[in-house]
Structures are given as structure tokens and as C-alpha cells.
>>> print(open('model_39.cif').read())   # mmCIF, N, CA and C atoms and all ligand atoms
data_start
loop_
_atom_site.label_atom_id
_atom_site.label_comp_id
_atom_site.auth_asym_id
_atom_site.auth_seq_id
_atom_site.Cartn_x
_atom_site.Cartn_y
_atom_site.Cartn_z
N MET A 84 122.19 84.54 118.42
CA MET A 84 121.55 83.69 117.40
C MET A 84 120.42 84.44 116.69
N SER A 85 119.50 85.00 117.49
CA SER A 85 118.36 85.69 116.87
C SER A 85 118.84 86.92 116.10
N ARG A 86 119.95 87.53 116.59
CA ARG A 86 120.47 88.70 115.89
C ARG A 86 120.95 88.29 114.49
N TRP A 87 121.63 87.18 114.42
CA TRP A 87 122.11 86.72 113.11
C TRP A 87 120.96 86.38 112.19
N LEU A 88 119.94 85.75 112.74
CA LEU A 88 118.77 85.42 111.93
C LEU A 88 118.17 86.68 111.34
N CYS A 89 118.10 87.71 112.18
CA CYS A 89 117.52 88.97 111.72
C CYS A 89 118.33 89.55 110.57
N ILE A 90 119.65 89.53 110.71
CA ILE A 90 120.50 90.07 109.64
C ILE A 90 120.27 89.29 108.35
N LEU A 91 120.18 87.98 108.46
CA LEU A 91 119.94 87.14 107.27
C LEU A 91 118.61 87.49 106.63
N CYS A 92 117.58 87.62 107.47
CA CYS A 92 116.24 87.92 106.94
C CYS A 92 116.23 89.28 106.26
N CYS A 93 116.83 90.27 106.93
CA CYS A 93 116.80 91.63 106.37
C CYS A 93 117.52 91.68 105.04
N SER A 94 118.67 91.00 104.92
CA SER A 94 119.39 91.06 103.66
C SER A 94 118.61 90.32 102.57
N ALA A 95 117.87 89.29 102.93
CA ALA A 95 117.06 88.58 101.94
C ALA A 95 115.94 89.48 101.43
N VAL A 96 115.31 90.24 102.31
CA VAL A 96 114.24 91.16 101.92
C VAL A 96 114.80 92.25 101.02
N LEU A 97 115.98 92.79 101.38
CA LEU A 97 116.59 93.82 100.56
C LEU A 97 116.90 93.29 99.17
N ALA A 98 117.46 92.09 99.11
CA ALA A 98 117.83 91.51 97.82
C ALA A 98 116.58 91.34 96.95
N ALA A 99 115.47 90.94 97.56
CA ALA A 99 114.25 90.69 96.80
C ALA A 99 113.62 91.99 96.28
N SER A 100 113.91 93.12 96.94
CA SER A 100 113.27 94.36 96.54
C SER A 100 114.09 95.14 95.49
N GLU A 101 115.25 94.60 95.11
CA GLU A 101 116.09 95.26 94.13
C GLU A 101 115.70 94.82 92.72
N LEU A 102 115.63 95.77 91.80
CA LEU A 102 115.45 95.41 90.40
C LEU A 102 116.65 94.58 89.95
N ALA A 103 116.41 93.53 89.20
CA ALA A 103 117.50 92.66 88.77
C ALA A 103 117.31 92.22 87.33
N ILE A 104 118.41 92.02 86.64
CA ILE A 104 118.37 91.55 85.25
C ILE A 104 119.17 90.26 85.17
N GLU A 105 118.55 89.23 84.62
CA GLU A 105 119.21 87.93 84.52
C GLU A 105 119.15 87.44 83.08
N ARG A 106 120.01 86.45 82.79
CA ARG A 106 119.93 85.69 81.53
C ARG A 106 119.91 86.59 80.31
N ALA A 107 120.82 87.54 80.22
CA ALA A 107 120.85 88.41 79.05
C ALA A 107 121.56 87.70 77.91
N TRP A 108 120.89 87.59 76.77
CA TRP A 108 121.49 86.89 75.63
C TRP A 108 121.11 87.55 74.32
N ALA A 109 121.87 87.21 73.29
CA ALA A 109 121.60 87.70 71.94
C ALA A 109 121.90 86.55 70.99
N ARG A 110 121.36 86.63 69.77
CA ARG A 110 121.68 85.63 68.77
C ARG A 110 122.92 86.07 68.00
N ALA A 111 123.72 85.09 67.59
CA ALA A 111 124.85 85.39 66.71
C ALA A 111 124.31 85.97 65.40
N SER A 112 125.07 86.88 64.81
CA SER A 112 124.63 87.54 63.57
C SER A 112 124.65 86.59 62.39
N LEU A 113 123.65 86.71 61.52
CA LEU A 113 123.69 86.04 60.23
C LEU A 113 124.51 86.94 59.30
N PRO A 114 125.10 86.35 58.23
CA PRO A 114 125.94 87.16 57.34
C PRO A 114 125.20 88.40 56.83
N GLY A 115 125.86 89.54 56.89
CA GLY A 115 125.28 90.78 56.38
C GLY A 115 124.34 91.50 57.32
N ALA A 116 124.01 90.90 58.45
CA ALA A 116 123.06 91.55 59.37
C ALA A 116 123.71 92.76 60.04
N GLU A 117 122.99 93.86 60.06
CA GLU A 117 123.53 95.07 60.67
C GLU A 117 122.83 95.40 61.98
N ALA A 118 121.89 94.54 62.36
CA ALA A 118 121.17 94.76 63.62
C ALA A 118 121.14 93.44 64.39
N GLY A 119 120.93 93.56 65.67
CA GLY A 119 120.79 92.39 66.53
C GLY A 119 119.78 92.71 67.60
N ALA A 120 119.49 91.72 68.45
CA ALA A 120 118.51 91.94 69.52
C ALA A 120 119.00 91.26 70.79
N VAL A 121 118.74 91.91 71.91
CA VAL A 121 119.09 91.35 73.22
C VAL A 121 117.81 91.00 73.96
N TYR A 122 117.82 89.82 74.57
CA TYR A 122 116.70 89.34 75.38
C TYR A 122 117.21 89.13 76.79
N ALA A 123 116.33 89.22 77.78
CA ALA A 123 116.75 89.05 79.17
C ALA A 123 115.50 88.90 80.03
N LEU A 124 115.71 88.51 81.26
CA LEU A 124 114.64 88.46 82.24
C LEU A 124 114.85 89.64 83.20
N ILE A 125 113.84 90.51 83.30
CA ILE A 125 113.95 91.67 84.20
C ILE A 125 112.99 91.45 85.37
N ARG A 126 113.55 91.47 86.56
CA ARG A 126 112.72 91.33 87.77
C ARG A 126 112.53 92.72 88.39
N GLY A 127 111.29 93.12 88.52
CA GLY A 127 110.98 94.43 89.08
C GLY A 127 111.39 94.52 90.54
N GLY A 128 111.70 95.72 90.99
CA GLY A 128 112.09 95.95 92.38
C GLY A 128 110.87 96.22 93.25
N ALA A 129 111.09 96.97 94.33
CA ALA A 129 110.04 97.25 95.31
C ALA A 129 109.03 98.26 94.77
N ARG A 130 109.45 99.05 93.78
CA ARG A 130 108.52 100.05 93.23
C ARG A 130 108.49 99.95 91.70
N ASP A 131 107.44 100.49 91.13
CA ASP A 131 107.28 100.47 89.67
C ASP A 131 108.44 101.22 89.03
N ASP A 132 108.86 100.74 87.88
CA ASP A 132 109.98 101.38 87.20
C ASP A 132 109.69 101.35 85.70
N ARG A 133 110.58 101.97 84.93
CA ARG A 133 110.47 101.93 83.46
C ARG A 133 111.85 101.79 82.88
N LEU A 134 111.95 100.92 81.88
CA LEU A 134 113.19 100.82 81.11
C LEU A 134 113.09 101.86 80.01
N VAL A 135 113.92 102.89 80.08
CA VAL A 135 113.74 104.01 79.16
C VAL A 135 114.77 104.08 78.03
N ALA A 136 115.95 103.45 78.22
CA ALA A 136 116.97 103.53 77.17
C ALA A 136 117.99 102.43 77.38
N ALA A 137 118.82 102.22 76.36
CA ALA A 137 119.90 101.23 76.45
C ALA A 137 121.06 101.70 75.60
N SER A 138 122.26 101.23 75.93
CA SER A 138 123.42 101.55 75.12
C SER A 138 124.44 100.42 75.23
N SER A 139 125.25 100.29 74.18
CA SER A 139 126.28 99.25 74.18
C SER A 139 127.38 99.68 73.22
N PRO A 140 128.64 99.32 73.53
CA PRO A 140 129.73 99.66 72.61
C PRO A 140 129.71 98.85 71.32
N VAL A 141 128.86 97.80 71.22
CA VAL A 141 128.87 96.96 70.02
C VAL A 141 128.07 97.56 68.85
N CYS A 142 127.26 98.61 69.12
CA CYS A 142 126.42 99.14 68.05
C CYS A 142 126.33 100.66 68.11
N ALA A 143 125.82 101.23 67.03
CA ALA A 143 125.71 102.69 66.95
C ALA A 143 124.69 103.20 67.97
N HIS A 144 123.53 102.54 68.04
CA HIS A 144 122.59 102.88 69.11
C HIS A 144 121.61 101.75 69.37
N CYS A 145 120.91 101.85 70.49
CA CYS A 145 119.98 100.80 70.91
C CYS A 145 118.60 101.40 71.07
N GLU A 146 117.58 100.57 70.84
CA GLU A 146 116.20 100.99 71.09
C GLU A 146 115.46 99.88 71.81
N VAL A 147 114.51 100.25 72.66
CA VAL A 147 113.65 99.27 73.32
C VAL A 147 112.48 99.02 72.37
N HIS A 148 112.36 97.77 71.90
CA HIS A 148 111.35 97.44 70.88
C HIS A 148 110.28 96.49 71.38
N GLU A 149 109.16 96.54 70.71
CA GLU A 149 108.10 95.56 70.92
C GLU A 149 107.65 95.07 69.55
N HIS A 150 106.99 93.92 69.54
CA HIS A 150 106.39 93.40 68.31
C HIS A 150 104.90 93.67 68.36
N VAL A 151 104.37 94.19 67.28
CA VAL A 151 102.93 94.43 67.21
C VAL A 151 102.43 93.95 65.86
N ARG A 152 101.17 93.58 65.80
CA ARG A 152 100.56 93.12 64.55
C ARG A 152 99.96 94.34 63.85
N ASP A 153 100.31 94.52 62.58
CA ASP A 153 99.77 95.68 61.86
C ASP A 153 98.40 95.34 61.24
N GLN A 154 97.82 96.29 60.47
CA GLN A 154 96.47 96.11 59.92
C GLN A 154 96.39 94.92 58.99
N ARG A 155 97.52 94.58 58.34
CA ARG A 155 97.52 93.43 57.42
C ARG A 155 97.80 92.11 58.15
N GLY A 156 97.95 92.18 59.48
CA GLY A 156 98.19 90.95 60.24
C GLY A 156 99.65 90.55 60.31
N LEU A 157 100.53 91.43 59.82
CA LEU A 157 101.96 91.11 59.83
C LEU A 157 102.60 91.64 61.12
N MET A 158 103.59 90.89 61.62
CA MET A 158 104.28 91.33 62.82
C MET A 158 105.31 92.41 62.45
N GLN A 159 105.27 93.49 63.19
CA GLN A 159 106.19 94.59 62.96
C GLN A 159 106.88 94.93 64.28
N MET A 160 108.09 95.46 64.19
CA MET A 160 108.77 95.93 65.40
C MET A 160 108.65 97.43 65.48
N ARG A 161 108.50 97.94 66.68
CA ARG A 161 108.53 99.39 66.84
C ARG A 161 109.07 99.73 68.22
N GLU A 162 109.54 100.95 68.34
CA GLU A 162 110.09 101.40 69.61
C GLU A 162 108.94 101.54 70.62
N VAL A 163 109.20 101.13 71.87
CA VAL A 163 108.17 101.24 72.92
C VAL A 163 108.09 102.71 73.33
N ALA A 164 106.93 103.32 73.07
CA ALA A 164 106.77 104.74 73.38
C ALA A 164 106.79 104.97 74.89
N GLY A 165 107.64 105.88 75.34
CA GLY A 165 107.68 106.23 76.76
C GLY A 165 108.41 105.21 77.63
N GLY A 166 109.00 104.20 77.03
CA GLY A 166 109.74 103.20 77.79
C GLY A 166 108.87 102.02 78.19
N LEU A 167 109.55 100.96 78.61
CA LEU A 167 108.88 99.70 78.96
C LEU A 167 108.59 99.66 80.46
N ALA A 168 107.31 99.51 80.81
CA ALA A 168 106.92 99.48 82.22
C ALA A 168 107.42 98.20 82.89
N ILE A 169 108.07 98.34 84.05
CA ILE A 169 108.53 97.20 84.85
C ILE A 169 107.81 97.33 86.20
N PRO A 170 106.62 96.73 86.34
CA PRO A 170 105.87 96.88 87.59
C PRO A 170 106.65 96.27 88.77
N ALA A 171 106.41 96.80 89.96
CA ALA A 171 107.07 96.28 91.17
C ALA A 171 106.82 94.78 91.28
N GLY A 172 107.88 94.04 91.53
CA GLY A 172 107.76 92.60 91.75
C GLY A 172 107.50 91.77 90.50
N ALA A 173 107.40 92.40 89.34
CA ALA A 173 107.09 91.66 88.12
C ALA A 173 108.32 90.89 87.63
N ALA A 174 108.07 89.86 86.84
CA ALA A 174 109.15 89.17 86.13
C ALA A 174 108.81 89.29 84.65
N LEU A 175 109.52 90.16 83.97
CA LEU A 175 109.21 90.46 82.57
C LEU A 175 110.27 89.85 81.68
N GLU A 176 109.85 88.97 80.79
CA GLU A 176 110.80 88.29 79.92
C GLU A 176 110.86 89.00 78.57
N LEU A 177 112.06 89.47 78.22
CA LEU A 177 112.29 89.98 76.87
C LEU A 177 112.65 88.75 76.04
N GLN A 178 111.90 88.48 74.97
CA GLN A 178 112.11 87.23 74.25
C GLN A 178 111.77 87.39 72.78
N PRO A 179 112.24 86.45 71.93
CA PRO A 179 111.95 86.53 70.49
C PRO A 179 110.43 86.63 70.26
N GLY A 180 110.04 87.56 69.40
CA GLY A 180 108.62 87.77 69.12
C GLY A 180 107.96 88.73 70.09
N GLY A 181 108.70 89.19 71.09
CA GLY A 181 108.15 90.10 72.09
C GLY A 181 109.05 91.30 72.29
N TYR A 182 109.16 91.74 73.52
CA TYR A 182 110.03 92.87 73.82
C TYR A 182 111.49 92.48 73.64
N HIS A 183 112.30 93.42 73.18
CA HIS A 183 113.74 93.18 73.04
C HIS A 183 114.46 94.52 72.98
N ILE A 184 115.77 94.45 73.19
CA ILE A 184 116.61 95.62 72.99
C ILE A 184 117.23 95.49 71.61
N MET A 185 116.88 96.42 70.71
CA MET A 185 117.40 96.35 69.34
C MET A 185 118.77 96.99 69.31
N LEU A 186 119.72 96.26 68.74
CA LEU A 186 121.08 96.77 68.55
C LEU A 186 121.16 97.25 67.11
N ILE A 187 121.25 98.54 66.90
CA ILE A 187 121.20 99.09 65.54
C ILE A 187 122.59 99.56 65.11
N GLY A 188 122.99 99.14 63.93
CA GLY A 188 124.31 99.51 63.41
C GLY A 188 125.43 98.79 64.14
N LEU A 189 125.40 97.46 64.10
CA LEU A 189 126.46 96.67 64.73
C LEU A 189 127.82 97.01 64.11
N HIS A 190 128.82 97.21 64.96
CA HIS A 190 130.16 97.52 64.44
C HIS A 190 130.84 96.25 63.93
N GLN A 191 130.53 95.10 64.54
CA GLN A 191 131.09 93.80 64.15
C GLN A 191 129.95 92.79 64.25
N PRO A 192 130.00 91.70 63.46
CA PRO A 192 129.00 90.66 63.66
C PRO A 192 129.13 90.06 65.07
N LEU A 193 128.03 89.67 65.66
CA LEU A 193 128.05 89.01 66.97
C LEU A 193 128.37 87.53 66.73
N ARG A 194 129.31 86.99 67.51
CA ARG A 194 129.74 85.60 67.32
C ARG A 194 129.36 84.75 68.51
N VAL A 195 129.03 83.50 68.24
CA VAL A 195 128.66 82.55 69.30
C VAL A 195 129.77 82.50 70.36
N GLY A 196 129.39 82.59 71.61
CA GLY A 196 130.34 82.51 72.71
C GLY A 196 130.88 83.86 73.15
N GLN A 197 130.67 84.88 72.32
CA GLN A 197 131.13 86.23 72.66
C GLN A 197 130.29 86.78 73.81
N ARG A 198 130.91 87.66 74.62
CA ARG A 198 130.16 88.37 75.66
C ARG A 198 130.40 89.86 75.45
N PHE A 199 129.37 90.66 75.64
CA PHE A 199 129.56 92.11 75.48
C PHE A 199 128.72 92.86 76.51
N PRO A 200 129.17 94.07 76.86
CA PRO A 200 128.44 94.85 77.86
C PRO A 200 127.25 95.60 77.26
N LEU A 201 126.23 95.75 78.09
CA LEU A 201 125.03 96.50 77.70
C LEU A 201 124.60 97.28 78.95
N THR A 202 124.26 98.53 78.77
CA THR A 202 123.76 99.32 79.89
C THR A 202 122.28 99.60 79.68
N LEU A 203 121.47 99.22 80.65
CA LEU A 203 120.04 99.53 80.60
C LEU A 203 119.80 100.71 81.54
N GLN A 204 119.01 101.65 81.06
CA GLN A 204 118.73 102.85 81.85
C GLN A 204 117.28 102.78 82.35
N PHE A 205 117.13 102.75 83.67
CA PHE A 205 115.80 102.70 84.27
C PHE A 205 115.47 104.06 84.89
N ALA A 206 114.21 104.42 84.83
CA ALA A 206 113.79 105.72 85.35
C ALA A 206 114.06 105.82 86.85
N GLN A 207 113.83 104.75 87.60
CA GLN A 207 114.02 104.77 89.06
C GLN A 207 115.36 104.16 89.48
N ALA A 208 115.66 102.98 88.98
CA ALA A 208 116.86 102.24 89.41
C ALA A 208 118.15 102.79 88.79
N GLY A 209 118.02 103.69 87.79
CA GLY A 209 119.19 104.27 87.16
C GLY A 209 119.85 103.33 86.18
N PRO A 210 121.13 103.57 85.84
CA PRO A 210 121.79 102.71 84.86
C PRO A 210 122.20 101.38 85.47
N ARG A 211 122.01 100.30 84.73
CA ARG A 211 122.43 98.96 85.16
C ARG A 211 123.26 98.35 84.05
N GLU A 212 124.50 98.03 84.37
CA GLU A 212 125.36 97.42 83.36
C GLU A 212 125.29 95.91 83.48
N LEU A 213 125.19 95.24 82.35
CA LEU A 213 125.15 93.77 82.38
C LEU A 213 125.97 93.22 81.24
N THR A 214 126.19 91.90 81.31
CA THR A 214 126.95 91.21 80.28
C THR A 214 125.99 90.34 79.48
N VAL A 215 126.05 90.48 78.16
CA VAL A 215 125.18 89.72 77.27
C VAL A 215 126.00 88.57 76.68
N GLU A 216 125.41 87.39 76.67
CA GLU A 216 126.07 86.22 76.11
C GLU A 216 125.48 85.95 74.72
N VAL A 217 126.35 85.70 73.75
CA VAL A 217 125.87 85.47 72.38
C VAL A 217 125.69 83.96 72.17
N LEU A 218 124.47 83.59 71.81
CA LEU A 218 124.12 82.19 71.56
C LEU A 218 124.01 81.93 70.05
N ALA A 219 123.70 80.71 69.69
CA ALA A 219 123.59 80.34 68.27
C ALA A 219 122.51 81.17 67.57
N PRO A 220 122.62 81.33 66.23
CA PRO A 220 121.64 82.14 65.49
C PRO A 220 120.22 81.60 65.59
N TRP A 221 120.07 80.30 65.88
CA TRP A 221 118.74 79.69 65.95
C TRP A 221 118.19 79.67 67.38
N ALA A 222 118.94 80.17 68.35
CA ALA A 222 118.51 80.08 69.76
C ALA A 222 117.16 80.76 69.94
N MET A 223 116.29 80.12 70.72
CA MET A 223 114.97 80.69 71.01
C MET A 223 114.88 81.18 72.45
N SER A 224 115.79 80.71 73.31
CA SER A 224 115.76 81.14 74.71
C SER A 224 117.13 80.91 75.33
N TRP A 225 117.28 81.41 76.55
CA TRP A 225 118.51 81.25 77.32
C TRP A 225 118.87 79.78 77.47
N ASP A 226 117.86 78.91 77.47
CA ASP A 226 118.10 77.48 77.65
C ASP A 226 118.79 76.84 76.44
N ASP A 227 118.89 77.58 75.32
CA ASP A 227 119.56 77.03 74.14
C ASP A 227 121.06 77.26 74.17
N ARG A 228 121.60 77.68 75.33
CA ARG A 228 123.06 77.80 75.46
C ARG A 228 123.69 76.43 75.27
N GLU A 229 124.87 76.43 74.64
CA GLU A 229 125.54 75.12 74.46
C GLU A 229 126.31 74.74 75.70
CU CU B 301 113.55 95.34 67.09
#
>>> encode(input="model_39.cif", output="C-alpha cells")
Amino acid sequence: MSRWLCILCCSAVLAASELAIERAWARASLPGAEAGAVYALIRGGARDDRLVAASSPVCAHCEVHEHVRDQRGLMQMREVAGGLAIPAGAALELQPGGYHIMLIGLHQPLRVGQRFPLTLQFAQAGPRELTVEVLAPWAMSWDDRE
């Protein structure tokens, strides 16, 4: 009995110390849009990590972006220099108006209900492949799934 309890506890600790990505979503493309953005919840593992790159077959290339306010007070997007820090144990939400994975040069418009693969490259955890779900163009969060 105690042996089984130990195995259960150990596997729970291991699972908690692994970097994990949940709720990956994107908005459906508006007509003529050649770029898109992916949002997700990234849970840091046992040690500090960095999201350094991303790739997907749906676009020419991907960049890790952040939103910043420029001198005129306007929100601008720019690539996160040196990658996005994922501190150990953190829960970092990529969301509209904040951090996101920019999909540049979409080969096809993204359609509601579509799923597509995305690979995130972490400095420590290595490549992580995930499935992104495409939600409505007006979606503000994962909770706006139909
Ligand atoms: Cu962007």
C-alpha cells in the first residue's frame, strides 16, 4: 500500500515539475490578413527556461512578440529580444494585448474550428509540439470557444 502511494506521489511531483503548454488558440483570419497570432498558457517547469523560437507549417515564419507602448502612447508589437523568460513554476499567459506567437506570411486563412500544429522551442525543455485551436475572429480568450 505505502509503495503504491509513493509511486503516485512521485509521479505527481514529476508531472508538476515539467514545463507544460495548455489552451493554445488563435483567432480566425479576417479577409486579406496575412498574419495571425497564437495565445496559450505556459506553465514553467522545475527550472527557469526561455521560449526562444517557434515554427508552424501554416506560415512562412513565426516570431515571439510583445506589446509595448511607444513614445506617442500607441501600442506596438515587437519581437521579444533574447526570448521570453519562463521562470520556474510560473504560469505565463500569452494573450491579446500581451505576449503572443506571431504567425507571419500565412499560407491559408485560419478558419474557425481548424486545428494546426505549432512547435515552440525552449532553451532548456527543447522543442514542444502542440495543437492550436482556431476560435472566432472576436475571441478574447480560450473561454470564447464555441
Ligand atoms: Cu505580433
>>> closest_residue(input="model_39.cif", among="A:Thr202, A:Gln159, A:Gln207, A:Thr214", to="ligand CU 301 (chain B)", atoms="all atoms listed in the file")
A:Gln159
>>> residues_near_ligand(input="model_39.cif", ligand="ligand CU 301 (chain B)", cutoff="12 Å", atoms="only C-alpha atoms and all ligand atoms", output="ChimeraX atom specification")
/A:117-122,144-151,158-163,177-187
>>> select_by_dssp(input="model_39.cif", residues="chain A", states="helix (DSSP H, G or I)", output="PyMOL selection string")
chain A and resi 85-99+225-227
>>> residues_near_point(input="model_39.cif", point="(129.4, 87.0, 66.1)", cutoff="10 Å", atoms="only C-alpha atoms", output="PDB file with N, CA and C atoms, in the frame of the given file")
ATOM      1  N   ALA A 109     121.870  87.210  73.290  1.00  0.00           N
ATOM      2  CA  ALA A 109     121.600  87.700  71.940  1.00  0.00           C
ATOM      3  C   ALA A 109     121.900  86.550  70.990  1.00  0.00           C
ATOM      4  N   ARG A 110     121.360  86.630  69.770  1.00  0.00           N
ATOM      5  CA  ARG A 110     121.680  85.630  68.770  1.00  0.00           C
ATOM      6  C   ARG A 110     122.920  86.070  68.000  1.00  0.00           C
ATOM      7  N   ALA A 111     123.720  85.090  67.590  1.00  0.00           N
ATOM      8  CA  ALA A 111     124.850  85.390  66.710  1.00  0.00           C
ATOM      9  C   ALA A 111     124.310  85.970  65.400  1.00  0.00           C
ATOM     10  N   SER A 112     125.070  86.880  64.810  1.00  0.00           N
ATOM     11  CA  SER A 112     124.630  87.540  63.570  1.00  0.00           C
ATOM     12  C   SER A 112     124.650  86.590  62.390  1.00  0.00           C
ATOM     13  N   LEU A 113     123.650  86.710  61.520  1.00  0.00           N
ATOM     14  CA  LEU A 113     123.690  86.040  60.230  1.00  0.00           C
ATOM     15  C   LEU A 113     124.510  86.940  59.300  1.00  0.00           C
ATOM     16  N   PRO A 114     125.100  86.350  58.230  1.00  0.00           N
ATOM     17  CA  PRO A 114     125.940  87.160  57.340  1.00  0.00           C
ATOM     18  C   PRO A 114     125.200  88.400  56.830  1.00  0.00           C
ATOM     19  N   GLN A 191     130.530  95.100  64.540  1.00  0.00           N
ATOM     20  CA  GLN A 191     131.090  93.800  64.150  1.00  0.00           C
ATOM     21  C   GLN A 191     129.950  92.790  64.250  1.00  0.00           C
ATOM     22  N   PRO A 192     130.000  91.700  63.460  1.00  0.00           N
ATOM     23  CA  PRO A 192     129.000  90.660  63.660  1.00  0.00           C
ATOM     24  C   PRO A 192     129.130  90.060  65.070  1.00  0.00           C
ATOM     25  N   LEU A 193     128.030  89.670  65.660  1.00  0.00           N
ATOM     26  CA  LEU A 193     128.050  89.010  66.970  1.00  0.00           C
ATOM     27  C   LEU A 193     128.370  87.530  66.730  1.00  0.00           C
ATOM     28  N   ARG A 194     129.310  86.990  67.510  1.00  0.00           N
ATOM     29  CA  ARG A 194     129.740  85.600  67.320  1.00  0.00           C
ATOM     30  C   ARG A 194     129.360  84.750  68.510  1.00  0.00           C
ATOM     31  N   VAL A 195     129.030  83.500  68.240  1.00  0.00           N
ATOM     32  CA  VAL A 195     128.660  82.550  69.300  1.00  0.00           C
ATOM     33  C   VAL A 195     129.770  82.500  70.360  1.00  0.00           C
ATOM     34  N   GLY A 196     129.390  82.590  71.610  1.00  0.00           N
ATOM     35  CA  GLY A 196     130.340  82.510  72.710  1.00  0.00           C
ATOM     36  C   GLY A 196     130.880  83.860  73.150  1.00  0.00           C
ATOM     37  N   GLN A 197     130.670  84.880  72.320  1.00  0.00           N
ATOM     38  CA  GLN A 197     131.130  86.230  72.660  1.00  0.00           C
ATOM     39  C   GLN A 197     130.290  86.780  73.810  1.00  0.00           C
ATOM     40  N   ARG A 198     130.910  87.660  74.620  1.00  0.00           N
ATOM     41  CA  ARG A 198     130.160  88.370  75.660  1.00  0.00           C
ATOM     42  C   ARG A 198     130.400  89.860  75.450  1.00  0.00           C
ATOM     43  N   VAL A 217     126.350  85.700  73.750  1.00  0.00           N
ATOM     44  CA  VAL A 217     125.870  85.470  72.380  1.00  0.00           C
ATOM     45  C   VAL A 217     125.690  83.960  72.170  1.00  0.00           C
ATOM     46  N   LEU A 218     124.470  83.590  71.810  1.00  0.00           N
ATOM     47  CA  LEU A 218     124.120  82.190  71.560  1.00  0.00           C
ATOM     48  C   LEU A 218     124.010  81.930  70.050  1.00  0.00           C
ATOM     49  N   ALA A 219     123.700  80.710  69.690  1.00  0.00           N
ATOM     50  CA  ALA A 219     123.590  80.340  68.270  1.00  0.00           C
ATOM     51  C   ALA A 219     122.510  81.170  67.570  1.00  0.00           C
ATOM     52  N   PRO A 220     122.620  81.330  66.230  1.00  0.00           N
ATOM     53  CA  PRO A 220     121.640  82.140  65.490  1.00  0.00           C
ATOM     54  C   PRO A 220     120.220  81.600  65.590  1.00  0.00           C
TER      55      PRO A 220
END
>>> atom_distance(input="model_39.cif", atom1="CA of Val215 in chain A", atom2="CA of Glu229 in chain A")
14.9 Å
>>> closest_residue(input="model_39.cif", among="A:Pro140, A:Gly188, A:Pro170, A:Gly165", to="Pro200 in chain A", atoms="only C-alpha atoms")
A:Pro140
>>> residues_around(input="model_39.cif", residues="Val135 in chain A", least_positions_apart="3", cutoff="7 Å", atoms="all atoms listed in the file", output="list in words")
Val147, Gly165, Gly166, Leu167, Leu203, Gln204, Phe205 and Ala206 of chain A
>>> atom_distance(input="model_39.cif", atom1="atom N of Ser100 in chain A", atom2="atom C of Ser224 in chain A")
25.0 Å
>>> decode(input="model_39.cif", residues="range 175-192 of chain A", atoms="N, CA and C atoms", output="mmCIF file, in the first residue's frame")
data_model
loop_
_atom_site.group_PDB
_atom_site.id
_atom_site.type_symbol
_atom_site.label_atom_id
_atom_site.label_comp_id
_atom_site.auth_asym_id
_atom_site.auth_seq_id
_atom_site.Cartn_x
_atom_site.Cartn_y
_atom_site.Cartn_z
ATOM 1 N N LEU A 175 2.475 31.636 -17.228
ATOM 2 C CA LEU A 175 2.552 32.822 -18.084
ATOM 3 C C LEU A 175 1.505 32.728 -19.180
ATOM 4 N N GLU A 176 0.611 33.690 -19.212
ATOM 5 C CA GLU A 176 -0.463 33.661 -20.201
ATOM 6 C C GLU A 176 -0.092 34.529 -21.398
ATOM 7 N N LEU A 177 -0.043 33.893 -22.573
ATOM 8 C CA LEU A 177 0.090 34.652 -23.815
ATOM 9 C C LEU A 177 -1.328 35.034 -24.207
ATOM 10 N N GLN A 178 -1.600 36.336 -24.362
ATOM 11 C CA GLN A 178 -2.983 36.756 -24.567
ATOM 12 C C GLN A 178 -3.043 38.024 -25.406
ATOM 13 N N PRO A 179 -4.229 38.331 -25.975
ATOM 14 C CA PRO A 179 -4.363 39.542 -26.793
ATOM 15 C C PRO A 179 -3.907 40.779 -26.008
ATOM 16 N N GLY A 180 -3.108 41.611 -26.651
ATOM 17 C CA GLY A 180 -2.580 42.805 -25.995
ATOM 18 C C GLY A 180 -1.302 42.545 -25.228
ATOM 19 N N GLY A 181 -0.860 41.295 -25.177
ATOM 20 C CA GLY A 181 0.349 40.942 -24.444
ATOM 21 C C GLY A 181 1.273 40.090 -25.297
ATOM 22 N N TYR A 182 1.910 39.136 -24.673
ATOM 23 C CA TYR A 182 2.798 38.240 -25.416
ATOM 24 C C TYR A 182 2.000 37.342 -26.350
ATOM 25 N N HIS A 183 2.569 37.045 -27.503
ATOM 26 C CA HIS A 183 1.923 36.129 -28.450
ATOM 27 C C HIS A 183 2.966 35.589 -29.415
ATOM 28 N N ILE A 184 2.589 34.514 -30.092
ATOM 29 C CA ILE A 184 3.425 33.992 -31.174
ATOM 30 C C ILE A 184 2.853 34.530 -32.471
ATOM 31 N N MET A 185 3.630 35.358 -33.166
ATOM 32 C CA MET A 185 3.148 35.951 -34.417
ATOM 33 C C MET A 185 3.367 34.959 -35.548
ATOM 34 N N LEU A 186 2.308 34.724 -36.301
ATOM 35 C CA LEU A 186 2.380 33.856 -37.483
ATOM 36 C C LEU A 186 2.506 34.787 -38.683
ATOM 37 N N ILE A 187 3.652 34.807 -39.318
ATOM 38 C CA ILE A 187 3.909 35.761 -40.397
ATOM 39 C C ILE A 187 3.879 35.049 -41.749
ATOM 40 N N GLY A 188 3.130 35.614 -42.681
ATOM 41 C CA GLY A 188 3.017 35.021 -44.010
ATOM 42 C C GLY A 188 2.186 33.751 -43.994
ATOM 43 N N LEU A 189 0.936 33.867 -43.561
ATOM 44 C CA LEU A 189 0.031 32.706 -43.546
ATOM 45 C C LEU A 189 -0.141 32.159 -44.965
ATOM 46 N N HIS A 190 -0.052 30.846 -45.100
ATOM 47 C CA HIS A 190 -0.235 30.235 -46.423
ATOM 48 C C HIS A 190 -1.716 30.175 -46.790
ATOM 49 N N GLN A 191 -2.587 30.034 -45.785
ATOM 50 C CA GLN A 191 -4.042 29.977 -45.973
ATOM 51 C C GLN A 191 -4.659 30.772 -44.824
ATOM 52 N N PRO A 192 -5.860 31.340 -45.036
ATOM 53 C CA PRO A 192 -6.532 31.975 -43.894
ATOM 54 C C PRO A 192 -6.835 30.926 -42.817
#
